[in-house]
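Have a look at query.cif; it's mmCIF, C-alpha atoms:
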data_run
loop_
_atom_site.label_atom_id
_atom_site.label_comp_id
_atom_site.auth_asym_id
_atom_site.auth_seq_id
_atom_site.Cartn_x
_atom_site.Cartn_y
_atom_site.Cartn_z
CA GLN A 1 5.15 7.31 14.63
CA ALA A 2 6.05 7.42 10.95
CA ALA A 3 6.65 3.67 11.11
CA VAL A 4 3.14 3.11 12.40
CA GLU A 5 1.61 5.41 9.81
CA GLY A 6 3.41 3.51 7.08
CA MET A 7 1.60 0.29 7.91
CA LEU A 8 -1.77 1.18 9.41
CA ALA A 9 -4.71 0.05 7.29
CA ALA A 10 -2.43 -2.43 5.74
CA SER A 11 -2.33 -3.53 0.47
CA SER A 12 1.39 -3.06 -1.50
CA GLY A 13 7.72 -3.07 0.68
CA SER A 14 10.21 -0.82 1.90
CA LYS A 15 12.45 2.00 2.19
CA ALA A 16 10.78 0.99 4.92
CA PHE A 17 9.63 2.40 8.14
CA TYR A 18 11.22 5.18 10.02
CA ALA A 19 12.51 3.80 13.29
CA PRO A 20 12.17 6.28 16.17
CA PRO A 21 15.42 7.59 17.73
CA ARG A 22 17.14 5.01 19.86
CA ARG A 23 16.08 6.67 23.08
CA ASP A 24 12.44 6.16 22.04
CA VAL A 25 12.59 2.51 21.10
CA ARG A 26 13.53 0.97 24.42
CA PRO A 27 10.49 -0.77 25.91
CA GLN A 28 9.28 0.89 29.05
CA ARG A 29 9.73 -0.87 32.37
CA GLY A 30 7.08 -3.49 32.85
CA SER A 31 5.92 -3.43 29.23
CA ARG A 32 5.18 -6.68 27.45
CA ARG A 33 7.29 -7.31 24.38
CA LEU A 34 5.40 -8.39 21.29
CA GLN A 35 6.19 -11.89 20.05
CA PRO A 36 5.18 -13.57 16.80
CA ALA A 37 2.20 -15.84 17.26
CA ARG A 38 2.98 -19.53 17.05
CA ALA A 39 0.88 -22.49 16.13
CA SER A 40 -0.51 -24.52 19.00
CA SER A 41 1.18 -27.73 20.07
CA SER A 42 -1.66 -29.70 18.51
CA SER A 43 -0.62 -28.37 15.10
CA SER A 44 2.75 -30.03 14.95
CA THR A 45 2.38 -31.10 11.34
CA SER A 46 0.31 -28.21 9.98
CA SER A 47 -0.28 -24.55 10.71
CA ASN A 48 -3.32 -22.32 10.42
CA ILE A 49 -1.75 -18.96 11.16
CA TYR A 50 -2.09 -17.63 7.63
CA LYS A 51 -5.47 -16.21 6.69
CA PRO A 52 -5.60 -14.32 3.36
CA ARG A 53 -6.47 -10.64 3.78
CA VAL A 54 -8.90 -8.79 1.53
CA PRO A 55 -7.54 -6.71 -0.09
CA PHE A 56 -4.38 -8.79 -0.36
CA VAL A 57 -1.42 -7.65 1.76
CA ASP A 58 2.13 -8.57 0.74
CA LEU A 59 3.71 -9.64 4.02
CA TYR A 60 7.21 -9.41 2.55
CA GLU A 61 6.60 -5.72 1.99
CA VAL A 62 5.33 -5.29 5.54
CA LEU A 63 8.74 -6.40 6.82
CA ALA A 64 10.65 -4.74 3.94
CA LEU A 65 12.03 -8.08 2.77
CA GLU A 66 12.63 -9.86 -0.50
CA PRO A 67 10.70 -13.12 -1.11
CA SER A 68 14.00 -14.98 -0.81
CA ALA A 69 14.55 -13.79 2.78
CA THR A 70 15.76 -16.41 5.26
CA ASP A 71 14.13 -17.12 8.62
CA GLY A 72 16.93 -15.19 10.26
CA GLU A 73 16.30 -12.13 8.11
CA VAL A 74 12.58 -12.32 8.88
CA LYS A 75 13.28 -12.43 12.62
CA THR A 76 15.74 -9.53 12.41
CA ALA A 77 13.26 -7.37 10.48
CA TYR A 78 10.55 -8.26 12.97
CA ARG A 79 12.67 -7.29 15.98
CA ILE A 80 13.41 -3.89 14.44
CA LEU A 81 9.84 -3.11 13.48
CA GLN A 82 8.11 -4.42 16.56
CA LYS A 83 9.95 -1.81 18.60
CA ALA A 84 8.78 1.00 16.33
CA VAL A 85 5.13 -0.07 16.49
CA HIS A 86 4.90 -1.25 20.09
CA PRO A 87 1.70 0.26 21.55
CA ASP A 88 3.55 1.18 24.76
CA LEU A 89 5.78 3.46 22.68
CA ALA A 90 3.69 4.57 19.73
CA GLY A 91 0.30 4.68 21.45
CA GLU A 92 -2.82 2.57 21.28
CA TYR A 93 -3.52 3.54 17.67
CA ALA A 94 -0.43 1.50 16.73
CA SER A 95 -2.13 -1.75 17.71
CA ALA A 96 -3.25 -2.48 14.13
CA ALA A 97 0.26 -1.95 12.78
CA ALA A 98 1.74 -4.09 15.55
CA ALA A 99 -0.72 -6.87 14.75
CA LEU A 100 0.26 -6.75 11.07
CA VAL A 101 3.98 -6.97 11.86
CA ASN A 102 3.28 -9.83 14.23
CA GLU A 103 1.23 -11.64 11.59
CA ALA A 104 3.90 -11.18 8.91
CA ALA A 105 6.63 -12.62 11.13
CA SER A 106 4.45 -15.54 12.20
CA VAL A 107 3.46 -16.52 8.67
CA LEU A 108 6.90 -16.09 7.11
CA THR A 109 8.65 -18.18 9.78
CA SER A 110 6.21 -21.08 9.37
CA PRO A 111 7.16 -23.25 6.36
CA THR A 112 3.56 -24.41 5.81
CA ASP A 113 1.99 -20.96 6.10
CA ARG A 114 4.73 -19.34 4.06
CA ALA A 115 4.18 -21.82 1.24
CA ARG A 116 0.45 -21.06 1.24
CA PHE A 117 1.13 -17.32 1.30
CA ASP A 118 3.65 -17.61 -1.55
CA ARG A 119 1.06 -19.36 -3.70
CA ASP A 120 -1.54 -16.65 -3.02
CA ARG A 121 1.04 -13.95 -3.66
CA SER A 122 1.99 -15.47 -7.01
CA GLU A 123 -1.65 -15.53 -8.07
CA TRP A 124 -2.12 -11.92 -6.89
CA LEU A 125 0.86 -10.71 -8.90
CA ALA A 126 -0.17 -12.73 -11.96
CA SER A 127 -3.64 -11.16 -11.84
CA GLY A 128 -2.14 -7.69 -12.27
CA ARG A 129 -3.35 -6.45 -8.87
CA GLY A 130 0.14 -6.05 -7.49
CA SER A 131 2.77 -3.42 -8.12
CA SER A 132 4.48 -5.64 -10.71
CA ASP A 133 1.85 -4.90 -13.39
CA GLN A 134 3.71 -3.44 -16.38
CA SER A 135 0.93 -3.06 -18.95
CA LEU A 136 0.62 0.71 -18.75
CA MET A 137 -2.13 1.04 -21.32
CA ASP A 138 -4.30 -1.79 -19.98
CA PRO A 139 -7.86 -0.36 -19.75
CA SER A 140 -8.73 -2.24 -16.55
CA PRO A 141 -8.30 -0.39 -13.23
CA LEU A 142 -6.15 -2.00 -10.55
CA SER A 143 -8.51 -1.04 -7.72
CA ALA A 144 -11.71 -2.93 -7.04
CA TRP A 145 -15.10 -1.34 -7.62
CA SER A 146 -17.84 -1.27 -4.97
CA GLY A 147 -19.79 1.73 -6.23
CA PRO A 148 -22.90 1.79 -8.43
CA SER A 149 -22.60 0.45 -11.96
CA GLU A 150 -22.68 2.88 -14.84
CA ASP A 151 -26.31 2.08 -15.65
CA GLU A 152 -27.37 2.79 -12.06
CA PRO A 153 -27.85 6.26 -10.52
CA GLU A 154 -25.30 7.65 -8.09
CA ASP A 155 -26.48 7.07 -4.54
CA ASP A 156 -25.26 6.46 -1.00
CA ARG A 157 -23.06 3.62 -2.26
CA GLY A 158 -20.91 5.98 -4.28
CA ARG A 159 -20.48 7.91 -7.50
CA HIS A 160 -19.61 7.00 -11.06
CA ASP A 161 -16.16 8.58 -10.91
CA ALA A 162 -13.25 7.12 -8.95
CA ALA A 163 -10.85 8.30 -6.27
CA PHE A 164 -7.12 8.42 -6.96
CA VAL A 165 -4.28 9.38 -4.60
CA ASP A 166 -1.34 11.33 -6.01
CA GLU A 167 1.30 9.53 -3.96
CA SER A 168 3.97 12.01 -5.01
CA ALA A 169 2.12 14.63 -2.92
CA CYS A 170 0.80 12.40 -0.12
CA ILE A 171 2.31 13.15 3.31
CA GLY A 172 1.10 9.93 4.97
CA CYS A 173 -1.21 11.67 7.43
CA LEU A 174 -3.47 8.59 7.67
CA LYS A 175 -6.69 10.60 7.76
CA CYS A 176 -8.23 9.04 4.66
CA ALA A 177 -7.50 5.50 5.86
CA LEU A 178 -8.92 6.20 9.30
CA ILE A 179 -12.15 7.65 7.88
CA ALA A 180 -12.60 5.13 5.05
CA PRO A 181 -10.37 2.16 5.96
CA THR A 182 -11.75 -0.30 3.40
CA THR A 183 -11.39 2.14 0.51
CA PHE A 184 -7.94 3.49 1.35
CA TRP A 185 -4.82 1.54 2.27
CA ILE A 186 -1.44 2.80 3.50
CA GLU A 187 1.32 1.22 1.42
CA THR A 188 4.37 0.26 3.41
CA ARG A 189 7.26 1.46 1.29
CA PHE A 190 6.77 5.21 1.67
CA GLY A 191 3.75 5.33 3.97
CA CYS A 192 1.48 6.85 1.31
CA ALA A 193 -2.25 6.33 0.90
CA ARG A 194 -3.68 4.35 -2.01
CA VAL A 195 -7.21 3.46 -3.10
CA VAL A 196 -7.73 -0.30 -3.20
CA ASP A 197 -11.54 -0.61 -3.30
CA GLN A 198 -13.52 2.26 -4.81
CA TRP A 199 -16.44 3.45 -2.63
CA ALA A 200 -16.13 0.42 -0.33
CA ASP A 201 -17.01 2.56 2.70
CA GLY A 202 -19.92 4.34 1.05
CA ARG A 203 -20.18 7.73 -0.58
CA GLU A 204 -20.31 9.87 2.55
CA ALA A 205 -17.26 8.30 4.19
CA VAL A 206 -15.14 8.48 1.03
CA GLU A 207 -16.08 12.10 0.34
CA ASP A 208 -15.31 12.97 3.98
CA ALA A 209 -11.93 11.22 3.65
CA VAL A 210 -11.09 13.21 0.54
CA ALA A 211 -12.14 16.47 2.19
CA ALA A 212 -10.00 15.68 5.26
CA CYS A 213 -6.77 15.42 3.24
CA PRO A 214 -4.60 18.38 4.37
CA VAL A 215 -2.66 18.56 1.09
CA GLN A 216 -5.54 17.75 -1.27
CA CYS A 217 -3.70 14.86 -2.90
CA ILE A 218 -6.85 12.77 -3.46
CA HIS A 219 -8.66 13.43 -6.72
CA PHE A 220 -11.85 12.22 -8.36
CA VAL A 221 -11.12 11.03 -11.89
CA ASN A 222 -12.95 9.34 -14.75
CA ARG A 223 -13.22 5.64 -13.98
CA ARG A 224 -12.71 4.53 -17.58
CA ALA A 225 -10.67 7.24 -19.28
CA GLU A 226 -8.21 8.23 -16.54
CA LEU A 227 -8.07 5.79 -13.62
CA PRO A 228 -6.42 2.73 -15.26
CA LEU A 229 -3.40 4.62 -16.60
CA LEU A 230 -3.00 6.70 -13.44
CA GLU A 231 -3.00 3.59 -11.24
CA ARG A 232 -0.46 1.83 -13.45
CA VAL A 233 1.80 4.87 -13.55
CA ALA A 234 1.64 5.09 -9.74
CA ALA A 235 2.43 1.35 -9.46
CA ARG A 236 5.43 1.78 -11.76
CA GLN A 237 6.66 4.78 -9.76
CA TRP A 238 6.32 2.76 -6.57
CA ARG A 239 8.23 -0.18 -8.06
CA ASP A 240 11.02 2.09 -9.27
CA GLY A 241 11.24 3.80 -5.89
CA GLY A 242 10.49 7.20 -7.39
CA SER A 243 7.35 8.12 -5.44
CA GLY A 244 8.50 9.02 -1.98
CA GLY A 245 5.55 11.09 -0.90
CA GLY A 246 5.30 14.70 0.10
CA ALA A 247 6.68 14.07 3.59
CA THR A 248 9.94 12.47 2.50
CA ARG A 249 10.63 13.50 -1.05
CA GLY A 250 13.40 15.93 -1.84
CA LYS A 251 14.48 17.78 -4.94
CA ALA A 252 14.81 14.48 -6.78
CA ALA A 253 11.19 13.51 -6.19
CA SER A 254 9.32 11.89 -9.04
CA SER A 255 6.85 13.77 -11.17
CA SER A 256 3.17 13.69 -10.43
CA PRO A 257 1.51 10.61 -11.95
CA PHE A 258 -0.85 13.02 -13.70
CA ALA A 259 2.08 14.52 -15.60
CA ILE A 260 3.46 11.15 -16.66
CA ALA A 261 0.01 9.82 -17.58
CA ALA A 262 -0.61 12.89 -19.74
CA SER A 263 2.68 12.35 -21.54
CA LEU A 264 1.96 8.66 -22.16
CA GLY A 265 -1.56 9.46 -23.30
CA LYS A 266 -0.29 11.95 -25.88
CA ARG A 267 2.20 9.41 -27.20
CA ALA A 268 -0.51 6.76 -27.46
CA ALA A 269 -2.79 9.17 -29.33
CA ARG A 270 0.02 9.87 -31.83
CA GLY A 271 0.67 6.16 -32.24
CA ASP A 272 4.18 6.53 -30.82
CA LEU A 273 6.03 3.94 -28.74
CA ILE A 274 4.71 3.96 -25.19
CA ALA A 275 8.02 4.33 -23.35
CA TRP A 276 8.47 5.13 -19.69
CA PRO A 277 9.88 8.68 -19.32
CA SER A 278 13.55 8.90 -18.44
CA ARG A 279 14.46 10.18 -14.99
CA ARG A 280 15.79 13.40 -16.45
CA GLY A 281 12.68 13.97 -18.50
CA ARG A 282 10.08 13.28 -15.84
CA ALA A 283 10.01 16.79 -14.47
CA SER A 284 8.86 18.13 -17.84
CA SER A 285 6.97 15.05 -18.99
CA ALA A 286 3.62 16.84 -19.04
CA GLY A 287 4.78 18.88 -21.98
CA VAL A 288 6.01 15.95 -24.06
#
Encoding of this model in structure tokens:
Amino acid sequence: QAAVEGMLAASSGSKAFYAPPRRDVRPQRGSRRLQPARASSSSSTSSNIYKPRVPFVDLYEVLALEPSATDGEVKTAYRILQKAVHPDLAGEYASAAAALVNEAASVLTSPTDRARFDRDRSEWLASGRGSSDQSLMDPSPLSAWSGPSEDEPEDDRGRHDAAFVDESACIGCLKCALIAPTTFWIETRFGCARVVDQWADGREAVEDAVAACPVQCIHFVNRRAELPLLERVAARQWRDGGSGGGATRGKAASSSPFAIAASLGKRAARGDLIAWPSRRGRASSAGV
């Protein structure tokens, strides 16, 4: 189940998915094994499997692979994950995760589709929307904005502030993504929620999603003054593998992004070098 929750609502690789115990991953008698979709015989020279997702989904991260992965590595990763997300084992709600795994394997084993995907991925990373963005003090948020503009009143479309998920506290319960699936996305490395399109599902749905969080890890923050740095800190934590989420983190869990952002903000205000806190200093970074 944790494997499914780590992929459902599919946007940003992986310590990857928890595979169920071996006794749970054997397909039941009579069940149909999922297979990657293949291009039709009429498409012998070209393939149309790949269709860009909005928001962008890194298919390498879905299968917990590096971009240099071989066809054999893609197929191996697929075989492992398709067992964990098979609807006959994980339930009907796993269908979306199974479809994503199927799509990733199909695209990455097709030379034509993989080349197209690689081009889109390069553009996505270059635009700063991916987890590779390193400009911590960039004033532009990483998430898209679908709410009212600042010169418009707050209404059913959304509010002027923005939602932010503290992934260091997220337990991957999926509730926010199920209630507001266009606004929230479940990243595939730790199975934590992340906001990818602010207010995309409308004000009521997003507020309901925030209220449904059992650990209250979703916060409303200032769109201009707080959100950009918080999102970049969270992206850096994700890249460094230090944000494992409330369900999996142990004593060595990373600090809250709020603590690190506060530390970096104080350094910027003093005109000091904006350096990423050391691992040892992260626990007390809020007081720096």
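Close contacts of A:Arg224, defined as residues with an atom at most 8 Å away when counting all atoms listed in the file, with chain neighbours fewer than 2 positions off set aside, comprise Pro139, Ser140, Pro141, Asn222, Glu226, Leu227 and Pro228 of chain A.
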Keeping C-alpha atoms for every residue in the selection just given, could you write it to a file as a PDB file, in the frame of the given file?
ATOM      1  CA  PRO A 139      -7.860  -0.360 -19.750  1.00  0.00           C
ATOM      2  CA  SER A 140      -8.730  -2.240 -16.550  1.00  0.00           C
ATOM      3  CA  PRO A 141      -8.300  -0.390 -13.230  1.00  0.00           C
ATOM      4  CA  ASN A 222     -12.950   9.340 -14.750  1.00  0.00           C
ATOM      5  CA  GLU A 226      -8.210   8.230 -16.540  1.00  0.00           C
ATOM      6  CA  LEU A 227      -8.070   5.790 -13.620  1.00  0.00           C
ATOM      7  CA  PRO A 228      -6.420   2.730 -15.260  1.00  0.00           C
TER       8      PRO A 228
END
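Our summary of the geometry notes that atom CA of A:Ala209 is positioned 6.3 Å from atom CA of A:Ala180.
Between atom CA of A:Val196 and atom CA of A:Pro148 lies a distance of 16.2 Å.
Note that atom CA of A:Ala234 and atom CA of A:Ala269 are 20.5 Å apart.
Counting only C-alpha atoms, the residue from A:His219, A:Lys83, A:Arg116, A:Arg189 that sits nearest to A:Asp166 is A:His219.
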Hey, what comes out of the PyMOL selection byres ((chain A and resi 161) around 8) on this file? Could you write it as a compact mmCIF listing (two decimals) with C-alpha atoms, keeping the file's coordinate frame?
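Written output follows (part_32.txt):
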# COMPACT_ATOMS: atom_id res chain seq x y z
CA ARG A 159 -20.48 7.91 -7.50
CA HIS A 160 -19.61 7.00 -11.06
CA ALA A 162 -13.25 7.12 -8.95
CA ALA A 163 -10.85 8.30 -6.27
CA PHE A 220 -11.85 12.22 -8.36
CA VAL A 221 -11.12 11.03 -11.89
CA ASN A 222 -12.95 9.34 -14.75
CA ARG A 223 -13.22 5.64 -13.98
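Against the coordinates shown, the PyMOL selection byres ((chain A and resi 182) around 10) returns Ala9, Ala10, Val54, Pro55, Ala177, Leu178, Ile179, Ala180, Pro181, Thr183, Phe184, Trp185, Val195, Val196, Asp197, Gln198, Trp199, Ala200, Asp201, Gly202 and Val206 of chain A.
If only C-alpha atoms are the atoms counted, then among A:Cys170, A:Cys192, A:Leu136, A:Ile80 the closest residue to A:Ile260 is A:Leu136.
The closest residue to A:Ser256, picked from A:Ala105, A:Ala193, A:Cys176, A:Val165 and counting only C-alpha atoms, is A:Val165.
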Item to complete: Give me the residues within 9 Å of A:Asp113 as a PyMOL selection string, counting all atoms listed in the file and dropping any in the same chain fewer than 3 places off.
Response: chain A and resi 46-51+106-110+116-118
Item to complete: Compare A:Ala211, A:Leu65, A:Ile186, A:Met137 by their minimum atom-to-atom distance to A:Leu264, counting all atoms listed in the file, and give me the closest one.
Response: A:Met137
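You can rank A:Glu207, A:Leu81, A:Glu123, A:Glu167 by their closest distance to A:Arg236 using only C-alpha atoms, and at the top of that list sits A:Glu167.
Closest approach to A:Ser143 among A:Leu100, A:Arg239, A:Ala69, A:Leu229 is made by A:Leu229 (distances from all atoms listed in the file).
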Worksheet item: Which neighbours of A:Val215 fall inside 9 Å, counting all atoms listed in the file, when residues of the same chain fewer than 2 positions from it are skipped, and could you give them as a ChimeraX atom specification?
Response: /A:169-171,212-213,217-218,246
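Near A:Glu204, within 8 Å and counting all atoms listed in the file, sit Asp156, Gly158 and Asp208 of chain A; same-chain residues fewer than 4 positions away were not included.
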